[in-house]
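> Got a structure here, written out as structure tokens. Questions coming.
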Amino acid sequence: MKKHFYLLKTCLCALAVGVLAGCSAEVDGPQVADGEGLLRLDIEAATAFKTTTRAINEAEYKNTDNYTIKITNVSNEGEVYNGKLSEMELPMNLTVGAYNVLACYGEEFKDADATADGFYVEGTTTIQVESGKDATAKVTCGPVSAAKVTVIYDKALDEYFSDYTTSFTTAALTANKKVAVWGKADTDPLYLKVNTNEKITGTLSFTPKSDSNVNPQTMTVNPTLSPGQWYEVTVKPKESTSADGTLNLTITIVSDVQEENIDITIPADWV
């Protein structure tokens, strides 16, 4: 189910891509003209988020043919190649000189403040092509700005609350007057645009059932996240041993495995 992003509009760890070019010049293969070198590419993708992403089709990220490769000449900024890896004719002959190699995927999410649909990954490196030799380049790609957050609500909460949500705010969301909301029935991860070591805020709100005398309750979590990191909150009721009608909510933070109990008074006959 897609997330609902309230206010104005709608957007932790990481993927890795290796761009390798290699083989000895003595190996049989395409002829290299004087003043040219040979470029080979071997793309490898790996998931770096701490948990497997459920919302998006992760196979698309692991299929290296999906990645866009951009190669430009450093001296004149001329573009040598810009297209899918699957469409490249390899190995590639290049004129002697320095080249920038960029690999990326998910460009449609590059500027997203918050989304449940995917995230942008990128990596770059510079290689030097020498006459008659193979050039070897390695590019490590990861989420440029996205951190992943997930919330798990225990179904037992329905016994006490008619609704519960978690609203996330980040610097990027606040700047654009937006909030990313994880609803009661949502299950897909959220990818939030964050800066390195950014402290974000998640506000958990609980709406009691209409026949209760409990006031609406809220609590906040304030994780510090960087691109490529993952943070999960699990919320479930904890059986009370008191006779005064107290309900304990157990909030579990998976990233550093800490628990916090929050006491909410409810009618005694609910316990």
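Order determines the names: the first chain of the structure tokens is A, the second B, and so forth; residues in each chain are numbered 1 upward, and ligands are numbered 1 upward as they are shown.
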May I have the residues within 12 Å of Thr124 in chain A as a PyMOL selection string, using only C-alpha atoms and disregarding those fewer than 2 positions away in the same chain?
chain A and resi 16-19+68-72+99-104+121-122+126-127+137-142+144
> Using the selection just defined, write its residues with C-alpha atoms as an mmCIF file, in the first residue's frame.

data_model
loop_
_atom_site.group_PDB
_atom_site.id
_atom_site.type_symbol
_atom_site.label_atom_id
_atom_site.label_comp_id
_atom_site.auth_asym_id
_atom_site.auth_seq_id
_atom_site.Cartn_x
_atom_site.Cartn_y
_atom_site.Cartn_z
ATOM 1 C CA ALA A 16 26.561 -1.208 -3.999
ATOM 2 C CA VAL A 17 27.597 -1.340 -7.669
ATOM 3 C CA GLY A 18 31.071 -2.253 -8.843
ATOM 4 C CA VAL A 19 32.103 -1.157 -12.274
ATOM 5 C CA THR A 68 22.594 3.652 -16.440
ATOM 6 C CA ILE A 69 26.278 4.107 -17.265
ATOM 7 C CA LYS A 70 27.632 7.568 -18.091
ATOM 8 C CA ILE A 71 31.217 7.976 -19.334
ATOM 9 C CA THR A 72 32.680 11.420 -20.027
ATOM 10 C CA TYR A 99 37.438 9.515 -18.010
ATOM 11 C CA ASN A 100 34.730 9.898 -15.411
ATOM 12 C CA VAL A 101 32.533 6.829 -14.987
ATOM 13 C CA LEU A 102 29.143 7.129 -13.278
ATOM 14 C CA ALA A 103 26.686 4.319 -12.549
ATOM 15 C CA CYS A 104 23.195 5.044 -11.255
ATOM 16 C CA VAL A 121 21.658 5.171 -6.027
ATOM 17 C CA GLU A 122 24.814 6.536 -7.610
ATOM 18 C CA THR A 126 37.806 8.525 -12.584
ATOM 19 C CA ILE A 127 39.973 6.191 -14.686
ATOM 20 C CA ALA A 137 37.566 1.148 -12.854
ATOM 21 C CA LYS A 138 35.590 0.380 -9.721
ATOM 22 C CA VAL A 139 32.548 2.409 -8.718
ATOM 23 C CA THR A 140 30.712 1.845 -5.439
ATOM 24 C CA CYS A 141 27.117 3.050 -5.545
ATOM 25 C CA GLY A 142 24.819 3.701 -2.626
ATOM 26 C CA VAL A 144 22.721 9.396 -2.257
#
> Need to verify the contact set: Asp113 in chain A, 9 Å, only C-alpha atoms, exclusion of same-chain residues closer than 6 positions in sequence. Can you return it as a ChimeraX atom specification?
/A:10-11,146,170,172-173,176,178,180,191-194
> Store the residues of this selection in a file with N, CA and C atoms, as a PDB file, in the first residue's frame.

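Output saved as again01.pdb:
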ATOM      1  N   THR A  10       3.916  14.848  -1.839  1.00  0.00           N
ATOM      2  CA  THR A  10       4.626  13.688  -1.347  1.00  0.00           C
ATOM      3  C   THR A  10       6.147  13.680  -1.589  1.00  0.00           C
ATOM      4  N   CYS A  11       8.456  10.360  -0.706  1.00  0.00           N
ATOM      5  CA  CYS A  11       9.716  10.188  -0.618  1.00  0.00           C
ATOM      6  C   CYS A  11       9.223   9.632  -0.012  1.00  0.00           C
ATOM      7  N   ALA A 146      18.780   8.856   0.569  1.00  0.00           N
ATOM      8  CA  ALA A 146      17.639   8.159   1.174  1.00  0.00           C
ATOM      9  C   ALA A 146      18.024   7.295   2.374  1.00  0.00           C
ATOM     10  N   THR A 170      11.508  15.719   8.378  1.00  0.00           N
ATOM     11  CA  THR A 170      12.936  15.859   8.134  1.00  0.00           C
ATOM     12  C   THR A 170      13.199  17.299   7.723  1.00  0.00           C
ATOM     13  N   ALA A 172      14.311  18.291   4.865  1.00  0.00           N
ATOM     14  CA  ALA A 172      13.810  18.464   3.501  1.00  0.00           C
ATOM     15  C   ALA A 172      12.289  18.587   3.483  1.00  0.00           C
ATOM     16  N   LEU A 173      11.605  17.770   4.270  1.00  0.00           N
ATOM     17  CA  LEU A 173      10.152  17.838   4.324  1.00  0.00           C
ATOM     18  C   LEU A 173       9.684  19.161   4.921  1.00  0.00           C
ATOM     19  N   ASN A 176       9.833  22.155   2.657  1.00  0.00           N
ATOM     20  CA  ASN A 176       8.771  22.177   1.646  1.00  0.00           C
ATOM     21  C   ASN A 176       7.377  22.071   2.266  1.00  0.00           C
ATOM     22  N   LYS A 178       5.974  19.858   4.239  1.00  0.00           N
ATOM     23  CA  LYS A 178       5.358  18.544   4.048  1.00  0.00           C
ATOM     24  C   LYS A 178       5.596  17.659   5.261  1.00  0.00           C
ATOM     25  N   ALA A 180       5.488  13.264   6.062  1.00  0.00           N
ATOM     26  CA  ALA A 180       5.285  11.916   5.531  1.00  0.00           C
ATOM     27  C   ALA A 180       4.602  11.082   6.613  1.00  0.00           C
ATOM     28  N   TYR A 191      11.104   5.906   2.215  1.00  0.00           N
ATOM     29  CA  TYR A 191      12.466   6.354   1.945  1.00  0.00           C
ATOM     30  C   TYR A 191      12.474   7.874   2.092  1.00  0.00           C
ATOM     31  N   LEU A 192      13.200   8.356   3.087  1.00  0.00           N
ATOM     32  CA  LEU A 192      13.215   9.779   3.418  1.00  0.00           C
ATOM     33  C   LEU A 192      14.541  10.398   3.025  1.00  0.00           C
ATOM     34  N   LYS A 193      14.479  11.578   2.448  1.00  0.00           N
ATOM     35  CA  LYS A 193      15.684  12.321   2.098  1.00  0.00           C
ATOM     36  C   LYS A 193      16.275  12.909   3.376  1.00  0.00           C
ATOM     37  N   VAL A 194      17.524  12.535   3.676  1.00  0.00           N
ATOM     38  CA  VAL A 194      18.183  13.023   4.890  1.00  0.00           C
ATOM     39  C   VAL A 194      19.604  13.462   4.567  1.00  0.00           C
TER      40      VAL A 194
END
> Using DSSP on the backbone coordinates, identify the residues of range 43-216 of chain A assigned to helix (DSSP H, G or I); present them as a list in words.
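Everything in range 43-216 of chain A that counts as helix (DSSP H, G or I) is Glu58, Ala59, Glu60, Tyr61, Lys62, Thr64, Asp65, Asn66, Leu85, Ser86, Glu87, Glu107, Glu108, Phe109, Lys155, Ala156, Leu157, Asp158, Glu159, Ala171, Ala172, Leu173, Thr174 and Ala175 of chain A.
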> I want to know what sits within 6 Å of Asn197 in chain A, based on only C-alpha atoms, with residues of the same chain fewer than 5 positions away left out; could you give that as a list in words?
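Neighbouring residues, sequence-local ones excluded: Thr224, Leu225 and Ser226 of chain A.
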> Atoms to include: N, CA and C atoms. Write the selected residues as a short mmCIF file (atom, residue, chain, number, x, y, z; two decimals), in the first residue's frame.

data_model
loop_
_atom_site.label_atom_id
_atom_site.label_comp_id
_atom_site.auth_asym_id
_atom_site.auth_seq_id
_atom_site.Cartn_x
_atom_site.Cartn_y
_atom_site.Cartn_z
N THR A 224 18.82 9.54 14.65
CA THR A 224 19.79 10.24 13.83
C THR A 224 20.17 9.32 12.68
N LEU A 225 19.89 9.75 11.46
CA LEU A 225 20.06 8.87 10.29
C LEU A 225 20.92 9.53 9.23
N SER A 226 21.59 8.69 8.46
CA SER A 226 22.35 9.10 7.29
C SER A 226 21.85 8.30 6.10
#
> Separation of CA of Pro216 in chain A and CA of Val151 in chain A, in Å?
19.4 Å
> Could you pull out the strand (DSSP E) residues of range 23-205 of chain A from DSSP and send them as a ChimeraX atom specification?
/A:36-39,42-48,68-73,79-84,92-95,97-105,114-115,121-129,134-135,142-143,146-153,161-169,178-182,190-193,198-199,201-205
> So which one's closest to Ala112 in chain A, A:Ala135, A:Val80, A:Leu85, A:Ala147? Using only C-alpha atoms, please.
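Distance minimum relative to Ala112 in chain A lands on A:Ala147.
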> List the neighbours of Asp163 in chain A out to 7 Å using only C-alpha atoms; skip same-chain residues closer than 5 positions along the sequence, and give me the result as a ChimeraX atom specification.
/A:184,206-207
> Once you have the residues from the selection above, write them out as a PDB file, in the first residue's frame, restricted to N, CA and C atoms.

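Full text of again_29.pdb as output:
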ATOM      1  N   LYS A 184      -2.199   3.560   9.705  1.00  0.00           N
ATOM      2  CA  LYS A 184      -2.517   2.360  10.470  1.00  0.00           C
ATOM      3  C   LYS A 184      -2.369   1.084   9.646  1.00  0.00           C
ATOM      4  N   PHE A 206      -2.039   8.099  18.840  1.00  0.00           N
ATOM      5  CA  PHE A 206      -2.982   7.025  19.121  1.00  0.00           C
ATOM      6  C   PHE A 206      -4.348   7.629  19.453  1.00  0.00           C
ATOM      7  N   THR A 207      -5.373   7.206  18.713  1.00  0.00           N
ATOM      8  CA  THR A 207      -6.736   7.694  18.928  1.00  0.00           C
ATOM      9  C   THR A 207      -7.554   6.614  19.619  1.00  0.00           C
TER      10      THR A 207
END
> For CA of Gly228 in chain A and CA of Pro143 in chain A, quote the distance in Å rounded to one decimal.
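Calculated distance between CA of Gly228 in chain A and CA of Pro143 in chain A is 5.4 Å.
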> Rank A:Gly183, A:Met219, A:Thr169, A:Tyr120 by their smallest atom-to-atom distance to Thr201 in chain A, using only C-alpha atoms, and report the top residue only.
A:Thr169
> Hey, can you check how far CA of Thr136 in chain A sits from CA of Gly35 in chain A?
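Atom-to-atom, CA of Thr136 in chain A to CA of Gly35 in chain A, that is 17.0 Å.
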> Near Glu130 in chain A, counting only C-alpha atoms, which residues have an atom at most 9 Å away, once you skip same-chain residues fewer than 2 positions from it, shown as a list in words?
Gly35, Glu36, Gly37, Leu38, Thr95, Val96, Gly97, Ala98, Gln128, Gly132, Lys133, Asp134 and Ala135 of chain A
> Could those residues be written to a file, using N, CA and C atoms, as an mmCIF file, in the first residue's frame?

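Result file out.cif:
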data_model
loop_
_atom_site.group_PDB
_atom_site.id
_atom_site.type_symbol
_atom_site.label_atom_id
_atom_site.label_comp_id
_atom_site.auth_asym_id
_atom_site.auth_seq_id
_atom_site.Cartn_x
_atom_site.Cartn_y
_atom_site.Cartn_z
ATOM 1 N N GLY A 35 47.253 4.439 -29.454
ATOM 2 C CA GLY A 35 46.590 5.620 -28.921
ATOM 3 C C GLY A 35 45.237 5.341 -28.310
ATOM 4 N N GLU A 36 44.880 4.059 -28.190
ATOM 5 C CA GLU A 36 43.609 3.672 -27.572
ATOM 6 C C GLU A 36 43.847 2.664 -26.467
ATOM 7 N N GLY A 37 42.898 2.568 -25.555
ATOM 8 C CA GLY A 37 42.908 1.557 -24.520
ATOM 9 C C GLY A 37 41.580 0.840 -24.526
ATOM 10 N N LEU A 38 41.493 -0.276 -23.785
ATOM 11 C CA LEU A 38 40.298 -1.103 -23.792
ATOM 12 C C LEU A 38 39.586 -1.015 -22.449
ATOM 13 N N THR A 95 39.904 6.467 -26.507
ATOM 14 C CA THR A 95 41.133 7.211 -26.757
ATOM 15 C C THR A 95 41.859 7.448 -25.442
ATOM 16 N N VAL A 96 43.171 7.429 -25.500
ATOM 17 C CA VAL A 96 43.974 7.644 -24.298
ATOM 18 C C VAL A 96 43.556 8.942 -23.600
ATOM 19 N N GLY A 97 43.428 8.871 -22.277
ATOM 20 C CA GLY A 97 43.041 10.035 -21.496
ATOM 21 C C GLY A 97 42.314 9.629 -20.227
ATOM 22 N N ALA A 98 41.857 10.619 -19.477
ATOM 23 C CA ALA A 98 41.129 10.376 -18.232
ATOM 24 C C ALA A 98 39.621 10.454 -18.488
ATOM 25 N N GLN A 128 42.089 6.288 -15.801
ATOM 26 C CA GLN A 128 43.072 6.747 -16.780
ATOM 27 C C GLN A 128 43.272 5.634 -17.811
ATOM 28 N N GLY A 132 47.213 0.927 -25.523
ATOM 29 C CA GLY A 132 47.434 -0.500 -25.606
ATOM 30 C C GLY A 132 47.151 -1.282 -24.347
ATOM 31 N N LYS A 133 46.567 -0.639 -23.352
ATOM 32 C CA LYS A 133 46.306 -1.319 -22.084
ATOM 33 C C LYS A 133 44.821 -1.325 -21.752
ATOM 34 N N ASP A 134 44.462 -2.259 -20.862
ATOM 35 C CA ASP A 134 43.107 -2.285 -20.332
ATOM 36 C C ASP A 134 43.017 -1.346 -19.134
ATOM 37 N N ALA A 135 41.921 -0.632 -19.023
ATOM 38 C CA ALA A 135 41.683 0.239 -17.870
ATOM 39 C C ALA A 135 40.763 -0.476 -16.892
#
> For Asp34 in chain A, which residue out of A:Ser75, A:Ser131, A:Thr64, A:Ser145 is the nearest one, using only C-alpha atoms?
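Nearest candidate to Asp34 in chain A out of A:Ser75, A:Ser131, A:Thr64, A:Ser145: A:Ser131.
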